[in-house]
file structure30.cif (mmCIF, C-alpha atoms)
data_start
loop_
_atom_site.label_atom_id
_atom_site.label_comp_id
_atom_site.auth_asym_id
_atom_site.auth_seq_id
_atom_site.Cartn_x
_atom_site.Cartn_y
_atom_site.Cartn_z
CA MET B 22 17.79 1.70 8.28
CA MET B 23 15.97 4.61 6.67
CA LEU B 24 13.48 4.42 3.84
CA ARG B 25 14.94 3.82 0.40
CA PHE B 26 13.19 5.86 -2.28
CA TRP B 27 12.74 4.37 -5.75
CA LYS B 28 10.52 7.13 -7.15
CA GLY B 29 10.21 10.66 -5.81
CA SER B 30 11.60 11.74 -2.47
CA ALA B 31 10.51 12.57 1.07
CA VAL B 32 8.34 15.65 1.51
CA HIS B 33 8.88 17.86 4.54
CA ALA B 34 5.52 19.58 4.95
CA GLY B 35 1.85 18.74 4.51
CA LYS B 36 0.15 15.35 4.60
CA VAL B 37 1.65 12.03 3.57
CA GLY B 38 -0.35 8.84 3.16
CA VAL B 39 1.59 5.57 3.25
CA LEU B 40 0.11 2.61 1.37
CA SER B 41 2.14 -0.41 2.42
CA GLY B 42 1.54 -3.68 0.66
CA ALA B 43 2.91 -6.70 -1.14
CA PHE B 44 1.93 -5.32 -4.58
CA ASN B 45 2.13 -8.81 -6.06
CA PRO B 46 1.11 -7.37 -8.54
CA PRO B 47 -0.17 -3.79 -8.02
CA THR B 48 -3.80 -3.70 -9.20
CA ILE B 49 -6.29 -1.03 -10.21
CA ALA B 50 -7.68 -1.37 -6.67
CA HIS B 51 -4.35 -0.30 -5.14
CA GLN B 52 -4.30 2.73 -7.40
CA ALA B 53 -7.95 3.54 -6.67
CA VAL B 54 -7.30 3.41 -2.92
CA ALA B 55 -4.33 5.76 -3.30
CA ALA B 56 -6.27 8.19 -5.51
CA ALA B 57 -9.33 8.19 -3.24
CA ALA B 58 -7.28 8.70 -0.07
CA ARG B 59 -5.42 11.55 -1.72
CA ALA B 60 -8.61 13.25 -2.91
CA GLN B 61 -10.80 12.67 0.15
CA HIS B 62 -8.20 13.55 2.79
CA GLY B 63 -6.13 16.23 1.09
CA LEU B 64 -2.90 14.25 0.96
CA ASP B 65 0.10 16.01 -0.58
CA GLN B 66 1.81 12.71 -1.35
CA VAL B 67 0.91 9.04 -1.37
CA LEU B 68 3.92 6.83 -0.68
CA PHE B 69 3.66 3.27 -2.01
CA LEU B 70 5.78 1.28 0.42
CA VAL B 71 7.19 -2.15 -0.29
CA PRO B 72 8.38 -3.85 2.92
CA GLU B 73 11.59 -5.80 2.45
CA SER B 74 10.16 -8.38 4.84
CA PHE B 75 6.65 -9.15 6.06
CA PRO B 76 5.51 -9.87 9.64
CA HIS B 77 2.67 -12.19 8.61
CA LYS B 78 3.68 -13.72 5.25
CA ASP B 79 6.65 -14.95 3.26
CA TYR B 80 8.15 -13.09 0.30
CA GLU B 81 6.95 -15.22 -2.63
CA GLY B 82 5.96 -14.74 -6.25
CA ALA B 83 7.45 -11.65 -7.90
CA THR B 84 10.83 -10.57 -6.57
CA PHE B 85 11.42 -7.31 -4.77
CA ASP B 86 12.89 -5.80 -7.96
CA ASP B 87 9.86 -7.00 -9.95
CA ARG B 88 7.47 -5.29 -7.56
CA ILE B 89 9.36 -2.01 -7.62
CA ALA B 90 9.37 -2.12 -11.43
CA MET B 91 5.62 -2.81 -11.58
CA LEU B 92 4.91 0.05 -9.18
CA ARG B 93 7.10 2.37 -11.25
CA ALA B 94 5.06 1.43 -14.31
CA ALA B 95 1.80 1.95 -12.42
CA VAL B 96 2.46 5.48 -11.16
CA ALA B 97 4.97 6.88 -13.64
CA GLY B 98 4.43 10.54 -14.45
CA ASP B 99 2.47 11.46 -11.31
CA SER B 100 4.54 13.63 -8.99
CA GLY B 101 2.03 13.13 -6.19
CA TYR B 102 3.07 9.50 -5.86
CA ALA B 103 6.36 8.18 -4.51
CA ILE B 104 7.73 4.65 -4.06
CA ALA B 105 9.95 3.53 -1.22
CA SER B 106 10.99 0.36 0.58
CA SER B 107 11.45 -0.38 4.26
CA ASP B 108 13.04 -3.09 6.34
CA GLN B 109 10.10 -2.82 8.75
CA GLY B 110 6.68 -4.46 8.58
CA PHE B 111 4.66 -3.15 11.51
CA PHE B 112 2.76 0.11 11.17
CA ILE B 113 4.43 1.85 14.12
CA ASP B 114 7.91 1.07 12.79
CA ILE B 115 6.98 2.21 9.28
CA ALA B 116 5.48 5.42 10.66
CA ARG B 117 8.69 6.15 12.56
CA GLN B 118 10.79 5.63 9.46
CA VAL B 119 8.54 7.99 7.52
CA ARG B 120 8.83 10.51 10.36
CA GLU B 121 12.62 10.22 10.26
CA ALA B 122 12.65 10.80 6.50
CA CYS B 123 10.06 13.60 6.40
CA GLY B 124 10.48 15.42 9.70
CA ASP B 125 8.15 16.66 12.39
CA GLU B 126 6.08 19.01 10.22
CA VAL B 127 4.46 16.21 8.20
CA GLU B 128 1.14 14.61 9.15
CA ILE B 129 1.41 10.85 8.60
CA SER B 130 -1.50 8.58 7.69
CA LEU B 131 -1.19 4.84 7.15
CA ILE B 132 -3.56 3.60 4.43
CA CYS B 133 -4.98 0.07 4.50
CA GLY B 134 -8.04 -2.01 3.78
CA LYS B 135 -10.77 -3.10 6.15
CA ASP B 136 -9.30 -6.56 6.81
CA ALA B 137 -5.89 -5.13 7.67
CA ALA B 138 -7.46 -2.52 9.97
CA GLU B 139 -9.36 -5.19 11.88
CA ARG B 140 -6.16 -7.20 12.31
CA ILE B 141 -4.03 -4.23 13.35
CA VAL B 142 -6.54 -2.76 15.80
CA GLY B 143 -7.16 -6.14 17.44
CA TRP B 144 -3.53 -7.32 17.54
CA ASP B 145 -1.99 -8.27 20.88
CA TYR B 146 1.04 -5.97 21.14
CA GLY B 147 2.24 -7.58 24.36
CA GLU B 148 4.58 -5.37 26.36
CA GLY B 149 5.07 -2.93 23.49
CA LEU B 150 3.09 0.23 22.82
CA SER B 151 -0.66 -0.32 22.92
CA PHE B 152 -2.52 0.46 19.72
CA GLY B 153 -3.98 3.59 21.30
CA GLU B 154 -0.46 4.82 22.11
CA GLN B 155 0.64 4.10 18.54
CA LEU B 156 -2.16 6.29 17.19
CA ARG B 157 -0.46 9.29 18.79
CA GLU B 158 2.15 8.96 16.04
CA PHE B 159 -0.05 8.44 12.98
CA GLN B 160 -3.60 8.32 11.66
CA MET B 161 -5.17 5.44 9.76
CA LEU B 162 -7.14 5.79 6.55
CA VAL B 163 -9.18 2.64 5.91
CA ALA B 164 -10.53 1.82 2.46
CA SER B 165 -14.09 0.54 2.28
CA ARG B 166 -13.31 -2.82 0.75
CA LYS B 167 -16.25 -5.22 1.21
CA GLY B 168 -17.96 -2.84 3.59
CA GLU B 169 -17.04 0.23 5.58
CA TYR B 170 -14.80 -0.19 8.60
CA ARG B 171 -16.28 1.01 11.87
CA PRO B 172 -13.47 1.79 14.32
CA PRO B 173 -13.82 1.44 18.09
CA VAL B 174 -15.34 4.63 19.49
CA GLU B 175 -12.15 5.58 21.33
CA TYR B 176 -10.21 5.65 18.06
CA ALA B 177 -12.80 7.36 15.87
CA ASP B 178 -10.85 10.62 15.58
CA GLN B 179 -7.68 8.86 14.39
CA ILE B 180 -9.16 6.20 12.09
CA LEU B 181 -10.97 7.64 9.08
CA ASN B 182 -12.64 5.97 6.13
CA VAL B 183 -11.77 6.13 2.44
CA ARG B 184 -14.84 5.61 0.25
CA LEU B 185 -14.41 3.30 -2.75
CA SER B 186 -16.67 1.87 -5.42
CA ASP B 187 -18.11 -1.54 -4.52
CA ALA B 188 -16.99 -2.71 -7.97
CA LEU B 189 -13.42 -2.84 -6.69
CA ASP B 190 -14.28 -5.45 -4.05
CA ALA B 191 -13.72 -8.16 -6.65
CA VAL B 192 -10.19 -7.03 -7.54
CA SER B 193 -7.18 -8.51 -5.77
CA SER B 194 -3.58 -9.44 -6.49
CA THR B 195 -4.38 -13.06 -5.67
CA GLN B 196 -7.08 -13.15 -8.34
CA VAL B 197 -4.70 -11.69 -10.91
CA ARG B 198 -2.05 -14.32 -10.17
CA GLU B 199 -4.58 -17.16 -10.23
CA ALA B 200 -6.12 -15.95 -13.49
CA VAL B 201 -2.71 -15.68 -15.15
CA THR B 202 -1.77 -19.18 -14.01
CA ALA B 203 -5.10 -20.62 -15.21
CA GLY B 204 -4.95 -18.83 -18.55
CA GLY B 205 -8.01 -16.73 -17.72
CA GLU B 206 -8.77 -13.07 -18.29
CA TRP B 207 -6.97 -10.67 -15.95
CA HIS B 208 -6.00 -7.59 -17.96
CA GLY B 209 -8.85 -5.47 -16.60
CA TRP B 210 -7.51 -5.81 -13.05
CA VAL B 211 -4.17 -4.10 -13.72
CA THR B 212 -3.24 -1.12 -15.85
CA SER B 213 -1.82 -1.72 -19.32
CA GLU B 214 1.55 -0.45 -18.08
CA VAL B 215 1.64 -3.03 -15.29
CA ALA B 216 0.51 -5.77 -17.69
CA GLU B 217 3.37 -4.89 -20.04
CA GLU B 218 5.87 -5.02 -17.17
CA MET B 219 4.53 -8.40 -16.08
CA ALA B 220 4.97 -9.73 -19.60
CA ARG B 221 8.48 -8.29 -20.00
CA ARG B 222 9.53 -10.08 -16.84
CA GLY B 223 7.62 -13.30 -17.48
CA LEU B 224 5.81 -13.07 -14.14
CA TYR B 225 3.28 -15.52 -12.73
CA GLY B 226 3.77 -17.94 -15.63
CA LEU B 227 3.42 -15.43 -18.46
CA PRO B 228 5.57 -16.13 -21.54
CA LEU B 229 8.70 -14.03 -21.22
CA THR B 230 8.72 -11.24 -23.80
CA GLY B 231 12.10 -9.87 -22.69
CA TRP B 232 13.39 -6.33 -22.75
#

call {"tool": "encode", "arguments": {"input": "structure30.cif", "output": "structure tokens"}}
result
Amino acid sequence: MMLRFWKGSAVHAGKVGVLSGAFNPPTIAHQAVAAAARAQHGLDQVLFLVPESFPHKDYEGATFDDRIAMLRAAVAGDSGYAIASSDQGFFIDIARQVREACGDEVEISLICGKDAAERIVGWDYGEGLSFGEQLREFQMLVASRKGEYRPPVEYADQILNVRLSDALDAVSSTQVREAVTAGGEWHGWVTSEVAEEMARRGLYGLPLTGW
């Protein structure tokens, strides 16, 4: 299966950064990571990718359609952002789908946080491609969430950092969901557009406002 685009389309030249995540919901931290990666590494497009399945977690909370709608609300009006979905969850498979959609002239970078980078770099890939072999097909851009990631020396040319404000360390989708459920304050952690979409859909226990 190829990527399915929900906003924008595949580009066929330049640099594409792929930010894959659950986006449950998309927060200001997700958008800050995308904006910083784009600015600091000269990306021509940032592709927000929603996997249709996850290798390490179940699909719970907001539905797939809810997450696409929230992402649309988050990045509407910015032609430098696209939204797509994939039936793959591992970085190498996602990178190959992006390559299939964009072609050989595009430089692909996978964007993630420090915790994801540590997991991906240290994963036991068994008889499949080693992580070093995978890095021949893409770069990694790692956001400095709760400290800067320091890649193994042998991967230093292919794993680059994205500098973020320390203030964003406290922002996460989990905290948004928990605050909504507990009746606490959460609006500052998502954009007003995302908050409105959450309310329209009655997500995470919010009173349904309808369409």

call {"tool": "atom_distance", "arguments": {"input": "structure30.cif", "atom1": "atom CA of B:Cys133", "atom2": "atom CA of B:His208"}}
result
23.8 Å

call {"tool": "resolve_selection", "arguments": {"input": "structure30.cif", "expression": "the PyMOL selection byres ((chain B and resi 151-166) around 8)", "output": "PyMOL selection string"}}
result
chain B and resi 54+58+113+116-117+128-135+138+142+146-147+149-150+167-170+176+179-185+187+189-190

call {"tool": "resolve_selection", "arguments": {"input": "structure30.cif", "expression": "the PyMOL selection byres ((chain B and resi 202) around 12)", "output": "number ranges by chain"}}
result
B: 82, 195-201, 203-207, 223-228

call {"tool": "residues_near_point", "arguments": {"input": "structure30.cif", "point": "(2.6, 16.6, 8.0)", "cutoff": "7 Å", "atoms": "all atoms listed in the file", "output": "list in words"}}
result
Ala34, Gly35, Lys36, Val37, Glu126, Val127, Glu128 and Ile129 of chain B

call {"tool": "residues_around", "arguments": {"input": "structure30.cif", "residues": "B:Ala56", "least_positions_apart": "2", "cutoff": "10 Å", "atoms": "all atoms listed in the file", "output": "list in words"}}
result
Ala50, His51, Gln52, Ala53, Val54, Ala58, Arg59, Ala60, Gln61, Leu64, Val67, Gly101, Tyr102, Val183 and Leu185 of chain B

call {"tool": "resolve_selection", "arguments": {"input": "structure30.cif", "expression": "the PyMOL selection byres ((chain B and resi 69) around 8)", "output": "PyMOL selection string"}}
result
chain B and resi 39-42+67-68+70-71+92+102-105

call {"tool": "atom_distance", "arguments": {"input": "structure30.cif", "atom1": "atom CA of B:Gly98", "atom2": "atom CA of B:Ser186"}}
result
24.5 Å

call {"tool": "residues_around", "arguments": {"input": "structure30.cif", "residues": "B:Gly110", "least_positions_apart": "2", "cutoff": "8 Å", "atoms": "all atoms listed in the file", "output": "list of chain:residue names"}}
result
B:Pro72, B:Glu73, B:Ser74, B:Phe75, B:Pro76, B:Ser107, B:Asp108, B:Phe112, B:Asp114, B:Ile115

call {"tool": "atom_distance", "arguments": {"input": "structure30.cif", "atom1": "atom CA of B:Pro172", "atom2": "atom CA of B:Ala188"}}
result
23.0 Å

call {"tool": "residues_near_point", "arguments": {"input": "structure30.cif", "point": "(-4.9, -5.4, -9.5)", "cutoff": "7 Å", "atoms": "all atoms listed in the file", "output": "PyMOL selection string"}}
result
chain B and resi 46-51+192-194+197+210-211

call {"tool": "closest_residue", "arguments": {"input": "structure30.cif", "among": "B:Ala57, B:Ala43, B:Val174, B:Ala97", "to": "B:Thr84", "atoms": "all atoms listed in the file"}}
result
B:Ala43
